[in-house]
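Quick look at structure-v4.cif (mmCIF, C-alpha atoms):
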```
data_work
loop_
_atom_site.group_PDB
_atom_site.id
_atom_site.type_symbol
_atom_site.label_atom_id
_atom_site.label_comp_id
_atom_site.auth_asym_id
_atom_site.auth_seq_id
_atom_site.Cartn_x
_atom_site.Cartn_y
_atom_site.Cartn_z
ATOM 1 C CA MET G 1 -8.263 1.544 -27.811
ATOM 2 C CA ALA G 2 -5.384 -0.339 -26.197
ATOM 3 C CA TYR G 3 -5.922 -2.597 -23.201
ATOM 4 C CA TYR G 4 -3.532 -3.432 -20.383
ATOM 5 C CA ILE G 5 -3.986 -6.264 -17.908
ATOM 6 C CA GLY G 6 -3.216 -5.565 -14.254
ATOM 7 C CA ILE G 7 -2.958 -8.311 -11.628
ATOM 8 C CA ASP G 8 -2.916 -7.441 -7.935
ATOM 9 C CA ILE G 9 -2.000 -10.473 -5.831
ATOM 10 C CA GLY G 10 -3.029 -10.250 -2.203
ATOM 11 C CA GLY G 11 -3.020 -12.646 0.692
ATOM 12 C CA THR G 12 -6.803 -13.056 0.374
ATOM 13 C CA ASN G 13 -7.641 -12.378 -3.272
ATOM 14 C CA ILE G 14 -6.065 -12.317 -6.713
ATOM 15 C CA ALA G 15 -7.658 -9.300 -8.397
ATOM 16 C CA CYS G 16 -7.301 -8.866 -12.147
ATOM 17 C CA GLY G 17 -8.475 -5.868 -14.137
ATOM 18 C CA ILE G 18 -8.305 -4.721 -17.736
ATOM 19 C CA VAL G 19 -7.350 -1.057 -17.963
ATOM 20 C CA ASP G 20 -7.816 1.232 -20.961
ATOM 21 C CA ASP G 21 -5.757 4.226 -22.118
ATOM 22 C CA ASP G 22 -7.739 6.518 -19.827
ATOM 23 C CA PHE G 23 -6.919 4.387 -16.751
ATOM 24 C CA ASN G 24 -10.456 3.051 -16.467
ATOM 25 C CA ILE G 25 -10.896 -0.545 -15.299
ATOM 26 C CA VAL G 26 -13.246 -1.841 -17.992
ATOM 27 C CA ALA G 27 -13.422 -5.457 -16.804
ATOM 28 C CA ARG G 28 -12.345 -7.286 -13.689
ATOM 29 C CA ALA G 29 -12.221 -10.674 -12.010
ATOM 30 C CA LYS G 30 -11.368 -11.938 -8.543
ATOM 31 C CA VAL G 31 -10.185 -15.367 -7.406
ATOM 32 C CA LYS G 32 -9.344 -16.473 -3.857
ATOM 33 C CA THR G 33 -5.603 -16.724 -3.170
ATOM 34 C CA ASN G 34 -6.002 -19.392 -0.478
ATOM 35 C CA ALA G 35 -2.391 -18.936 0.601
ATOM 36 C CA PRO G 36 -0.244 -20.599 1.664
ATOM 37 C CA ARG G 37 -0.336 -23.400 -0.896
ATOM 38 C CA PRO G 38 1.987 -24.589 -3.685
ATOM 39 C CA TYR G 39 3.106 -21.963 -6.205
ATOM 40 C CA ALA G 40 1.818 -24.067 -9.109
ATOM 41 C CA GLU G 41 -1.712 -23.940 -7.709
ATOM 42 C CA ILE G 42 -1.672 -20.181 -7.118
ATOM 43 C CA LEU G 43 -0.189 -19.676 -10.594
ATOM 44 C CA GLU G 44 -3.125 -21.511 -12.166
ATOM 45 C CA ASP G 45 -5.546 -19.233 -10.342
ATOM 46 C CA ILE G 46 -3.615 -16.142 -11.487
ATOM 47 C CA LYS G 47 -4.036 -17.382 -15.057
ATOM 48 C CA LYS G 48 -7.708 -18.067 -14.354
ATOM 49 C CA SER G 49 -8.266 -14.504 -13.169
ATOM 50 C CA VAL G 50 -6.788 -13.183 -16.423
ATOM 51 C CA ARG G 51 -9.025 -15.378 -18.553
ATOM 52 C CA LEU G 52 -12.144 -14.436 -16.560
ATOM 53 C CA ALA G 53 -11.470 -10.702 -16.892
ATOM 54 C CA CYS G 54 -10.829 -11.040 -20.612
ATOM 55 C CA GLU G 55 -14.024 -13.055 -21.073
ATOM 56 C CA GLU G 56 -16.001 -10.287 -19.390
ATOM 57 C CA LEU G 57 -14.700 -7.762 -21.937
ATOM 58 C CA GLY G 58 -14.907 -10.180 -24.842
ATOM 59 C CA ILE G 59 -11.231 -10.154 -25.742
ATOM 60 C CA SER G 60 -8.397 -12.664 -25.672
ATOM 61 C CA PRO G 61 -5.439 -12.181 -23.292
ATOM 62 C CA SER G 62 -3.237 -11.959 -26.388
ATOM 63 C CA ASP G 63 -5.145 -8.812 -27.414
ATOM 64 C CA ALA G 64 -3.642 -6.911 -24.476
ATOM 65 C CA SER G 65 -0.693 -4.591 -25.038
ATOM 66 C CA SER G 66 0.978 -5.743 -21.827
ATOM 67 C CA ILE G 67 0.420 -7.534 -18.547
ATOM 68 C CA GLY G 68 1.587 -6.191 -15.202
ATOM 69 C CA ILE G 69 1.714 -7.993 -11.862
ATOM 70 C CA GLY G 70 1.915 -6.549 -8.373
ATOM 71 C CA CYS G 71 3.045 -9.250 -5.961
ATOM 72 C CA PRO G 72 3.906 -9.117 -2.239
ATOM 73 C CA GLY G 73 7.584 -9.653 -1.513
ATOM 74 C CA THR G 74 10.890 -9.016 -3.248
ATOM 75 C CA CYS G 75 10.539 -9.087 -7.046
ATOM 76 C CA ASN G 76 13.802 -8.819 -8.992
ATOM 77 C CA THR G 77 14.535 -7.452 -12.452
ATOM 78 C CA ASP G 78 14.615 -10.971 -13.890
ATOM 79 C CA GLY G 79 10.922 -11.333 -13.103
ATOM 80 C CA VAL G 80 11.479 -13.673 -10.185
ATOM 81 C CA VAL G 81 9.696 -13.368 -6.835
ATOM 82 C CA GLU G 82 12.705 -14.042 -4.623
ATOM 83 C CA TYR G 83 10.720 -14.218 -1.419
ATOM 84 C CA SER G 84 7.152 -13.567 -0.359
ATOM 85 C CA ASN G 85 6.378 -14.618 3.195
ATOM 86 C CA ASN G 86 2.633 -13.997 2.741
ATOM 87 C CA LEU G 87 2.414 -16.346 -0.228
ATOM 88 C CA GLY G 88 5.200 -18.773 0.601
ATOM 89 C CA PHE G 89 7.003 -18.014 -2.686
ATOM 90 C CA ILE G 90 10.753 -18.596 -2.870
ATOM 91 C CA ASN G 91 12.501 -17.856 -6.195
ATOM 92 C CA VAL G 92 9.480 -18.432 -8.426
ATOM 93 C CA PRO G 93 9.645 -17.258 -12.085
ATOM 94 C CA LEU G 94 6.252 -15.559 -12.047
ATOM 95 C CA ARG G 95 6.827 -13.071 -14.869
ATOM 96 C CA THR G 96 8.171 -15.711 -17.260
ATOM 97 C CA ASP G 97 5.368 -18.130 -16.438
ATOM 98 C CA ILE G 98 2.656 -15.564 -17.204
ATOM 99 C CA GLU G 99 4.436 -14.231 -20.296
ATOM 100 C CA THR G 100 4.841 -17.763 -21.658
ATOM 101 C CA GLU G 101 1.215 -18.643 -20.974
ATOM 102 C CA PHE G 102 -0.319 -15.677 -22.769
ATOM 103 C CA GLY G 103 2.392 -14.558 -25.191
ATOM 104 C CA VAL G 104 2.147 -10.969 -23.945
ATOM 105 C CA LYS G 105 5.002 -8.801 -22.630
ATOM 106 C CA THR G 106 4.761 -8.995 -18.850
ATOM 107 C CA TYR G 107 6.092 -6.791 -16.052
ATOM 108 C CA LEU G 108 6.454 -7.593 -12.341
ATOM 109 C CA ASP G 109 6.962 -5.478 -9.243
ATOM 110 C CA ASN G 110 6.173 -5.423 -5.551
ATOM 111 C CA ASP G 111 2.470 -4.878 -4.841
ATOM 112 C CA ALA G 112 3.026 -1.719 -2.793
ATOM 113 C CA ASN G 113 5.142 -0.285 -5.616
ATOM 114 C CA ALA G 114 2.387 -1.091 -8.089
ATOM 115 C CA ALA G 115 -0.234 0.625 -5.920
ATOM 116 C CA ALA G 116 1.980 3.691 -5.545
ATOM 117 C CA PHE G 117 2.474 3.800 -9.304
ATOM 118 C CA GLY G 118 -1.289 3.635 -9.749
ATOM 119 C CA GLU G 119 -1.696 6.755 -7.619
ATOM 120 C CA PHE G 120 1.125 8.357 -9.609
ATOM 121 C CA VAL G 121 -0.349 7.785 -13.060
ATOM 122 C CA ALA G 122 -4.043 8.148 -12.279
ATOM 123 C CA GLY G 123 -4.680 9.114 -8.666
ATOM 124 C CA ALA G 124 -3.718 11.629 -6.001
ATOM 125 C CA ALA G 125 -0.127 11.954 -7.251
ATOM 126 C CA LYS G 126 -1.014 12.409 -10.913
ATOM 127 C CA GLY G 127 1.043 15.196 -12.507
ATOM 128 C CA ALA G 128 3.883 14.928 -10.000
ATOM 129 C CA ASN G 129 7.472 14.153 -10.922
ATOM 130 C CA ASN G 130 8.565 12.773 -7.556
ATOM 131 C CA ALA G 131 6.004 11.101 -5.330
ATOM 132 C CA ILE G 132 5.661 8.689 -2.430
ATOM 133 C CA ALA G 133 2.592 6.673 -1.473
ATOM 134 C CA ILE G 134 2.176 5.069 1.940
ATOM 135 C CA THR G 135 -0.614 2.629 2.776
ATOM 136 C CA LEU G 136 -1.584 2.211 6.419
ATOM 137 C CA GLY G 137 -3.010 -1.291 6.580
ATOM 138 C CA THR G 138 -2.015 -4.509 8.309
ATOM 139 C CA GLY G 139 1.496 -3.179 7.798
ATOM 140 C CA VAL G 140 2.843 -0.020 6.206
ATOM 141 C CA GLY G 141 3.247 -0.455 2.474
ATOM 142 C CA SER G 142 5.074 2.160 0.456
ATOM 143 C CA GLY G 143 6.296 3.044 -2.989
ATOM 144 C CA ILE G 144 8.755 5.701 -4.140
ATOM 145 C CA ILE G 145 8.668 7.353 -7.572
ATOM 146 C CA ILE G 146 11.674 9.442 -8.585
ATOM 147 C CA ASN G 147 11.636 11.309 -11.903
ATOM 148 C CA GLY G 148 8.629 9.289 -12.994
ATOM 149 C CA LYS G 149 10.196 5.892 -12.314
ATOM 150 C CA LEU G 150 9.724 3.464 -9.440
ATOM 151 C CA TYR G 151 12.723 3.283 -7.135
ATOM 152 C CA SER G 152 13.524 -0.115 -5.648
ATOM 153 C CA GLY G 153 17.237 0.065 -4.916
ATOM 154 C CA SER G 154 20.122 -2.029 -6.195
ATOM 155 C CA ASN G 155 18.648 -5.245 -4.771
ATOM 156 C CA CYS G 156 14.992 -4.597 -5.724
ATOM 157 C CA ALA G 157 14.001 -4.441 -2.054
ATOM 158 C CA GLY G 158 14.180 -0.678 -1.497
ATOM 159 C CA GLY G 159 11.362 1.570 -0.382
ATOM 160 C CA GLU G 160 10.484 -0.303 2.810
ATOM 161 C CA ILE G 161 9.561 2.853 4.674
ATOM 162 C CA GLY G 162 7.543 0.878 7.204
ATOM 163 C CA HIS G 163 10.714 -0.746 8.509
ATOM 164 C CA THR G 164 12.548 2.422 9.399
ATOM 165 C CA VAL G 165 12.763 2.914 13.165
ATOM 166 C CA ILE G 166 11.022 5.852 14.843
ATOM 167 C CA VAL G 167 11.371 4.619 18.457
ATOM 168 C CA VAL G 168 14.692 3.004 19.383
ATOM 169 C CA ASP G 169 14.048 -0.253 21.295
ATOM 170 C CA GLY G 170 10.330 0.318 20.879
ATOM 171 C CA ARG G 171 7.521 -2.045 20.006
ATOM 172 C CA PRO G 172 8.513 -5.335 18.344
ATOM 173 C CA CYS G 173 7.895 -5.428 14.600
ATOM 174 C CA THR G 174 7.160 -8.481 12.457
ATOM 175 C CA CYS G 175 10.419 -7.835 10.586
ATOM 176 C CA GLY G 176 12.450 -8.583 13.714
ATOM 177 C CA ARG G 177 13.404 -5.000 14.564
ATOM 178 C CA LYS G 178 11.999 -2.907 17.392
ATOM 179 C CA GLY G 179 10.342 0.478 17.084
ATOM 180 C CA CYS G 180 9.526 0.379 13.361
ATOM 181 C CA PHE G 181 7.253 2.978 11.776
ATOM 182 C CA GLU G 182 4.960 0.063 10.883
ATOM 183 C CA ALA G 183 4.643 -1.062 14.505
ATOM 184 C CA TYR G 184 3.182 2.328 15.450
ATOM 185 C CA SER G 185 1.509 3.725 12.346
ATOM 186 C CA SER G 186 -0.150 0.739 10.684
ATOM 187 C CA ALA G 187 -3.829 0.030 11.285
ATOM 188 C CA THR G 188 -2.620 -2.942 13.318
ATOM 189 C CA GLY G 189 -0.406 -0.704 15.444
ATOM 190 C CA LEU G 190 -3.248 1.735 16.081
ATOM 191 C CA GLY G 191 -5.512 -1.157 17.075
ATOM 192 C CA LYS G 192 -2.921 -2.431 19.555
ATOM 193 C CA MET G 193 -2.481 1.016 21.110
ATOM 194 C CA THR G 194 -6.260 1.301 21.416
ATOM 195 C CA ALA G 195 -6.623 -2.111 23.101
ATOM 196 C CA GLU G 196 -3.828 -1.330 25.574
ATOM 197 C CA ALA G 197 -5.431 2.005 26.490
ATOM 198 C CA ALA G 198 -8.776 0.299 27.039
ATOM 199 C CA GLN G 199 -7.177 -2.246 29.377
ATOM 200 C CA LEU G 200 -5.583 0.552 31.390
ATOM 201 C CA HIS G 201 -8.898 2.430 31.539
ATOM 202 C CA PRO G 202 -11.640 -0.219 31.734
ATOM 203 C CA ASP G 203 -14.279 2.330 32.735
ATOM 204 C CA SER G 204 -13.618 4.626 29.779
ATOM 205 C CA LEU G 205 -15.908 5.269 26.838
ATOM 206 C CA LEU G 206 -13.173 3.675 24.743
ATOM 207 C CA ALA G 207 -13.469 0.380 26.623
ATOM 208 C CA LYS G 208 -17.253 0.545 26.312
ATOM 209 C CA GLN G 209 -16.907 1.227 22.580
ATOM 210 C CA ILE G 210 -14.892 -1.972 22.184
ATOM 211 C CA GLU G 211 -17.441 -3.933 24.185
ATOM 212 C CA GLU G 212 -20.256 -2.450 22.097
ATOM 213 C CA ASP G 213 -18.534 -3.218 18.771
ATOM 214 C CA GLY G 214 -17.283 -6.630 19.853
ATOM 215 C CA LYS G 215 -13.901 -5.782 18.366
ATOM 216 C CA CYS G 216 -11.053 -3.280 18.490
ATOM 217 C CA GLY G 217 -9.938 -1.827 15.176
ATOM 218 C CA ALA G 218 -8.157 1.142 13.675
ATOM 219 C CA ARG G 219 -11.246 3.373 13.893
ATOM 220 C CA THR G 220 -12.269 2.475 17.445
ATOM 221 C CA ALA G 221 -10.286 5.231 19.146
ATOM 222 C CA TYR G 222 -11.614 7.816 16.691
ATOM 223 C CA LEU G 223 -15.207 6.742 17.330
ATOM 224 C CA ALA G 224 -14.658 7.042 21.082
ATOM 225 C CA MET G 225 -12.909 10.384 20.707
ATOM 226 C CA LYS G 226 -15.844 11.780 18.745
ATOM 227 C CA LYS G 227 -18.108 10.806 21.650
ATOM 228 C CA GLY G 228 -15.987 12.915 23.985
ATOM 229 C CA CYS G 229 -13.757 10.170 25.395
ATOM 230 C CA ALA G 230 -10.522 11.595 26.803
ATOM 231 C CA VAL G 231 -8.761 8.229 26.514
ATOM 232 C CA GLY G 232 -9.774 7.911 22.866
ATOM 233 C CA LYS G 233 -8.483 11.429 22.257
ATOM 234 C CA GLU G 234 -5.179 10.521 23.888
ATOM 235 C CA VAL G 235 -4.784 7.461 21.651
ATOM 236 C CA THR G 236 -5.532 9.399 18.455
ATOM 237 C CA GLU G 237 -3.095 12.133 19.435
ATOM 238 C CA SER G 238 -0.382 9.552 20.094
ATOM 239 C CA TYR G 239 -1.093 7.921 16.752
ATOM 240 C CA VAL G 240 -0.753 11.219 14.894
ATOM 241 C CA LYS G 241 2.493 11.916 16.738
ATOM 242 C CA TYR G 242 4.054 8.664 15.525
ATOM 243 C CA LEU G 243 2.622 8.948 12.024
ATOM 244 C CA ALA G 244 3.882 12.512 11.670
ATOM 245 C CA CYS G 245 7.356 11.490 12.819
ATOM 246 C CA GLY G 246 7.603 8.801 10.155
ATOM 247 C CA ILE G 247 6.205 11.023 7.418
ATOM 248 C CA ALA G 248 8.531 13.905 8.340
ATOM 249 C CA ASN G 249 11.491 11.506 8.111
ATOM 250 C CA VAL G 250 10.404 10.503 4.612
ATOM 251 C CA ILE G 251 9.894 14.098 3.483
ATOM 252 C CA ASN G 252 13.244 15.181 4.908
ATOM 253 C CA THR G 253 14.937 12.321 3.034
ATOM 254 C CA PHE G 254 13.230 12.522 -0.373
ATOM 255 C CA GLN G 255 11.475 15.914 -0.609
ATOM 256 C CA PRO G 256 8.834 14.595 -3.038
ATOM 257 C CA ASP G 257 6.304 16.844 -4.755
ATOM 258 C CA ILE G 258 3.544 14.929 -2.994
ATOM 259 C CA LEU G 259 3.229 12.255 -0.331
ATOM 260 C CA CYS G 260 -0.120 10.495 -0.316
ATOM 261 C CA ILE G 261 -1.407 8.153 2.335
ATOM 262 C CA GLY G 262 -4.081 5.496 2.063
ATOM 263 C CA GLY G 263 -5.827 2.927 4.202
ATOM 264 C CA GLY G 264 -9.051 2.781 6.179
ATOM 265 C CA VAL G 265 -7.924 5.253 8.844
ATOM 266 C CA CYS G 266 -7.808 7.937 6.132
ATOM 267 C CA ASN G 267 -11.602 7.784 6.045
ATOM 268 C CA GLU G 268 -11.415 9.990 9.146
ATOM 269 C CA GLY G 269 -10.735 12.886 6.777
ATOM 270 C CA ASP G 270 -9.899 16.207 8.416
ATOM 271 C CA THR G 271 -10.045 14.629 11.873
ATOM 272 C CA LEU G 272 -6.831 12.859 10.922
ATOM 273 C CA MET G 273 -5.342 15.100 8.241
ATOM 274 C CA VAL G 274 -5.548 18.516 9.911
ATOM 275 C CA PRO G 275 -3.526 17.610 13.042
ATOM 276 C CA LEU G 276 -1.248 15.377 10.954
ATOM 277 C CA LYS G 277 -0.304 18.160 8.539
ATOM 278 C CA LYS G 278 0.263 20.548 11.443
ATOM 279 C CA ALA G 279 2.557 18.060 13.213
ATOM 280 C CA VAL G 280 4.523 17.306 10.042
ATOM 281 C CA ALA G 281 4.952 21.031 9.282
ATOM 282 C CA GLU G 282 6.591 21.461 12.687
ATOM 283 C CA GLN G 283 9.136 18.709 11.955
ATOM 284 C CA ILE G 284 10.179 19.042 8.330
ATOM 285 C CA TYR G 285 13.549 20.588 7.587
ATOM 286 C CA THR G 286 12.351 22.896 4.793
ATOM 287 C CA LYS G 287 10.145 25.131 6.908
ATOM 288 C CA ASN G 288 10.768 28.224 4.788
ATOM 289 C CA SER G 289 10.587 26.564 1.393
ATOM 290 C CA LYS G 290 8.119 27.977 -1.129
ATOM 291 C CA LYS G 291 7.426 24.460 -2.357
ATOM 292 C CA ASN G 292 7.025 22.061 0.514
ATOM 293 C CA THR G 293 5.731 18.542 -0.029
ATOM 294 C CA GLU G 294 1.974 18.298 -0.377
ATOM 295 C CA ILE G 295 0.347 15.688 1.869
ATOM 296 C CA ALA G 296 -2.837 14.166 0.469
ATOM 297 C CA VAL G 297 -5.093 11.141 0.780
ATOM 298 C CA CYS G 298 -4.815 8.442 -1.894
ATOM 299 C CA SER G 299 -7.781 8.554 -4.261
ATOM 300 C CA LEU G 300 -7.913 5.171 -6.037
ATOM 301 C CA GLY G 301 -8.609 2.885 -3.083
ATOM 302 C CA ASN G 302 -8.264 -0.819 -3.874
ATOM 303 C CA ASP G 303 -8.075 -0.064 -7.599
ATOM 304 C CA ALA G 304 -4.613 1.462 -7.229
ATOM 305 C CA GLY G 305 -2.939 -1.949 -7.288
ATOM 306 C CA ILE G 306 -4.688 -3.048 -10.478
ATOM 307 C CA ILE G 307 -4.177 0.236 -12.340
ATOM 308 C CA GLY G 308 -0.560 0.515 -11.201
ATOM 309 C CA ALA G 309 0.208 -3.056 -12.202
ATOM 310 C CA ALA G 310 -1.372 -2.530 -15.617
ATOM 311 C CA MET G 311 0.757 0.564 -16.130
ATOM 312 C CA LEU G 312 4.073 -0.956 -14.968
ATOM 313 C CA TYR G 313 5.348 -0.875 -18.543
ATOM 314 C CA ARG G 314 5.584 2.921 -18.130
ATOM 315 C CA SER G 315 8.062 2.609 -15.267
ATOM 316 C CA ILE G 316 10.731 0.711 -17.182
#
```

Will you turn the file into structure tokens for me?
Amino acid sequence: MAYYIGIDIGGTNIACGIVDDDFNIVARAKVKTNAPRPYAEILEDIKKSVRLACEELGISPSDASSIGIGCPGTCNTDGVVEYSNNLGFINVPLRTDIETEFGVKTYLDNDANAAAFGEFVAGAAKGANNAIAITLGTGVGSGIIINGKLYSGSNCAGGEIGHTVIVVDGRPCTCGRKGCFEAYSSATGLGKMTAEAAQLHPDSLLAKQIEEDGKCGARTAYLAMKKGCAVGKEVTESYVKYLACGIANVINTFQPDILCIGGGVCNEGDTLMVPLKKAVAEQIYTKNSKKNTEIAVCSLGNDAGIIGAAMLYRSI
């Protein structure tokens, strides 16, 4: 049995897992990222996570066939993280540093790409040739697989679907543009729309739901809608409208076999997916095609990043 080490670096945690040939995570470890802080300190904790995971399985890091790292930001083909605003990395040789430490061939890619590749090799997109995965979280993360390989463009920064504009001069986005897909379709965007609707309708069930929960999140509008709140229903319908627009743009551009979406809002199941699929079907260009893109929910959850990172050697 061969083992592959996958490292998923997040703003909160560094998650390391050891993955076998059947894509099972057979050992794992987690260390706090505590970003921002100096690269050298975070690097030591990345190494620590590898050692802890290997100790759990009873192997040495050098026993692994390869190591893969999913890291936020722009990761170039030389194994350098050119820029990661979440971690404060600027031109750090992460791949070389890990490869030198453990003496194991190491691969590096953007964390959203790694998660998408995880879904491609072992999750909802398994068996596809062309696939796209979109994660609706704090932002909109995405990864594009074409002919079985990750696509990242000529400058290794491609696939930023979240920063395509769906509303000209719309809501400000963290990237500096206005009207980005991310500003409307992320969990953060849905939360903002929900809070604004509650302020406009302070006597609504939606506003009472926020008061009851003590917070306003991505699921708040759905909870209110299920209780019969007209304002909550209006927010969820608006959210689906924006999400469908962005997804239809992606399908019209790439025509993948499957497009899978992940994130907490997907826990709404058919309440989200049925109207979303209907809205997308009305907007895609290939209405009469016998093989339209399948839209599905990601199946690996938080493990996608670890499994995808561990399998990055397959995407070279």

Measuring atom to atom with only C-alpha atoms, identify which of G:Ile144, G:Ala309, G:Val165, G:Val231 is nearest to Ala125 in chain G. G:Ile144

At what distance in Å, to one decimal, does CA of Lys47 in chain G lie from CA of Ile59 in chain G?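 CA of Ile59 in chain G sits 14.8 Å away from CA of Lys47 in chain G.
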
Give as a PyMOL selection string the residues that the PyMOL selection byres ((chain G and resi 178-182) around 10) matches when applied to the coordinates above. chain G and resi 136-141+160-177+183-190+242-243+245-247

Starting from the displayed file, determine the output of the PyMOL selection byres ((chain G and resi 22) around 12) and express the residue list as a list in words. Met1, Ala2, Tyr3, Tyr4, Ile18, Val19, Asp20, Asp21, Phe23, Asn24, Ile25, Val26, Val121, Ala122, Gly123, Ile307, Ala310 and Met311 of chain G

May I have a table of the residues of range 80-153 of chain G lying at most 12 Å from range 291-296 of chain G, giving each one's closest pair of atoms and their distance in Å to one decimal, counting all atoms listed in the file, ordered by chain and ascending residue number, as JSON lines?
```
{"residue": "G:Glu119", "atom": "CA", "partner": "G:Ala296", "partner_atom": "CA", "distance": 11.0}
{"residue": "G:Gly123", "atom": "CA", "partner": "G:Ala296", "partner_atom": "CA", "distance": 10.6}
{"residue": "G:Ala124", "atom": "CA", "partner": "G:Ala296", "partner_atom": "CA", "distance": 7.0}
{"residue": "G:Ala125", "atom": "CA", "partner": "G:Ala296", "partner_atom": "CA", "distance": 8.5}
{"residue": "G:Lys126", "atom": "CA", "partner": "G:Ala296", "partner_atom": "CA", "distance": 11.7}
{"residue": "G:Ala128", "atom": "CA", "partner": "G:Glu294", "partner_atom": "CA", "distance": 10.4}
{"residue": "G:Asn129", "atom": "CA", "partner": "G:Thr293", "partner_atom": "CA", "distance": 11.9}
{"residue": "G:Asn130", "atom": "CA", "partner": "G:Thr293", "partner_atom": "CA", "distance": 9.9}
{"residue": "G:Ala131", "atom": "CA", "partner": "G:Thr293", "partner_atom": "CA", "distance": 9.1}
{"residue": "G:Ile132", "atom": "CA", "partner": "G:Ile295", "partner_atom": "CA", "distance": 9.8}
{"residue": "G:Ala133", "atom": "CA", "partner": "G:Ala296", "partner_atom": "CA", "distance": 9.5}
{"residue": "G:Ile134", "atom": "CA", "partner": "G:Ala296", "partner_atom": "CA", "distance": 10.5}
{"residue": "G:Thr135", "atom": "CA", "partner": "G:Ala296", "partner_atom": "CA", "distance": 12.0}
```

Expressed in Å to a single decimal, how great is the separation between CA of Asp303 in chain G and CA of Cys71 in chain G? 14.5 Å

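We find CA of Ala40 in chain G and CA of Gly118 in chain G to be spaced 27.9 Å apart.
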
Each residue of range 6-71 of chain G lying at most 8 Å from range 109-116 of chain G should get a row with its shortest atom-to-atom pair and the distance in Å to one decimal, counting only C-alpha atoms; could you produce that, ordered by chain and increasing number, as CSV?
```
residue,atom,partner,partner_atom,distance
G:Asp8,CA,G:Asp111,CA,6.7
G:Ile9,CA,G:Asp111,CA,7.2
G:Ile69,CA,G:Asp109,CA,6.4
G:Gly70,CA,G:Asp111,CA,3.9
G:Cys71,CA,G:Asp111,CA,4.5
```

Close residues, Val50 in chain G itself excluded, 8 Å, all atoms listed in the file, min 2 positions apart in chain, as a tab-separated table (two decimals) with C-alpha atoms, keeping the file's coordinate frame:
```
chain	number	residue	atom	x	y	z
G	5	ILE	CA	-3.99	-6.26	-17.91
G	7	ILE	CA	-2.96	-8.31	-11.63
G	16	CYS	CA	-7.30	-8.87	-12.15
G	17	GLY	CA	-8.48	-5.87	-14.14
G	29	ALA	CA	-12.22	-10.67	-12.01
G	46	ILE	CA	-3.62	-16.14	-11.49
G	47	LYS	CA	-4.04	-17.38	-15.06
G	48	LYS	CA	-7.71	-18.07	-14.35
G	52	LEU	CA	-12.14	-14.44	-16.56
G	53	ALA	CA	-11.47	-10.70	-16.89
G	54	CYS	CA	-10.83	-11.04	-20.61
G	61	PRO	CA	-5.44	-12.18	-23.29
```

Could you work out an axis-aligned box for range 184-197 of chain G, taking every atom the file lists and adding 8 Å on each side, and report centre and edge lengths in Å to one decimal, as AutoDock Vina command-line options?
```
--center_x -1.7 --center_y 0.4 --center_z 18.6 --size_x 25.8 --size_y 22.7 --size_z 31.8
```

Name the residues that the PyMOL selection byres ((chain G and resi 200-208) around 7) pulls out of this structure, and write them as an MDAnalysis selection string. chainID G and resid 196:199 209:212 221 224 229 231:232

Rebuild range 260-268 of chain G so that it carries N, CA, C and O atoms, then output the result as an mmCIF file, in the coordinates of the input.
```
data_model
loop_
_atom_site.group_PDB
_atom_site.id
_atom_site.type_symbol
_atom_site.label_atom_id
_atom_site.label_comp_id
_atom_site.auth_asym_id
_atom_site.auth_seq_id
_atom_site.Cartn_x
_atom_site.Cartn_y
_atom_site.Cartn_z
ATOM 1 N N CYS G 260 1.279 10.830 -0.564
ATOM 2 C CA CYS G 260 -0.120 10.495 -0.316
ATOM 3 C C CYS G 260 -0.221 9.255 0.557
ATOM 4 O O CYS G 260 0.601 8.347 0.453
ATOM 5 N N ILE G 261 -1.207 9.271 1.414
ATOM 6 C CA ILE G 261 -1.407 8.153 2.335
ATOM 7 C C ILE G 261 -2.787 7.535 2.090
ATOM 8 O O ILE G 261 -3.743 8.226 1.740
ATOM 9 N N GLY G 262 -2.836 6.216 2.250
ATOM 10 C CA GLY G 262 -4.081 5.496 2.063
ATOM 11 C C GLY G 262 -4.320 4.511 3.183
ATOM 12 O O GLY G 262 -3.476 4.324 4.059
ATOM 13 N N GLY G 263 -5.459 3.858 3.146
ATOM 14 C CA GLY G 263 -5.827 2.927 4.202
ATOM 15 C C GLY G 263 -7.104 3.396 4.881
ATOM 16 O O GLY G 263 -7.488 4.572 4.786
ATOM 17 N N GLY G 264 -7.765 2.491 5.575
ATOM 18 C CA GLY G 264 -9.051 2.781 6.179
ATOM 19 C C GLY G 264 -9.053 3.960 7.137
ATOM 20 O O GLY G 264 -10.040 4.703 7.215
ATOM 21 N N VAL G 265 -7.965 4.163 7.863
ATOM 22 C CA VAL G 265 -7.924 5.253 8.844
ATOM 23 C C VAL G 265 -8.044 6.610 8.152
ATOM 24 O O VAL G 265 -8.490 7.594 8.766
ATOM 25 N N CYS G 266 -7.702 6.675 6.868
ATOM 26 C CA CYS G 266 -7.808 7.937 6.132
ATOM 27 C C CYS G 266 -9.256 8.356 5.910
ATOM 28 O O CYS G 266 -9.527 9.506 5.538
ATOM 29 N N ASN G 267 -10.185 7.435 6.138
ATOM 30 C CA ASN G 267 -11.602 7.784 6.045
ATOM 31 C C ASN G 267 -12.021 8.786 7.125
ATOM 32 O O ASN G 267 -13.107 9.356 7.057
ATOM 33 N N GLU G 268 -11.132 8.997 8.106
ATOM 34 C CA GLU G 268 -11.415 9.990 9.146
ATOM 35 C C GLU G 268 -11.330 11.411 8.603
ATOM 36 O O GLU G 268 -11.754 12.358 9.259
#
```
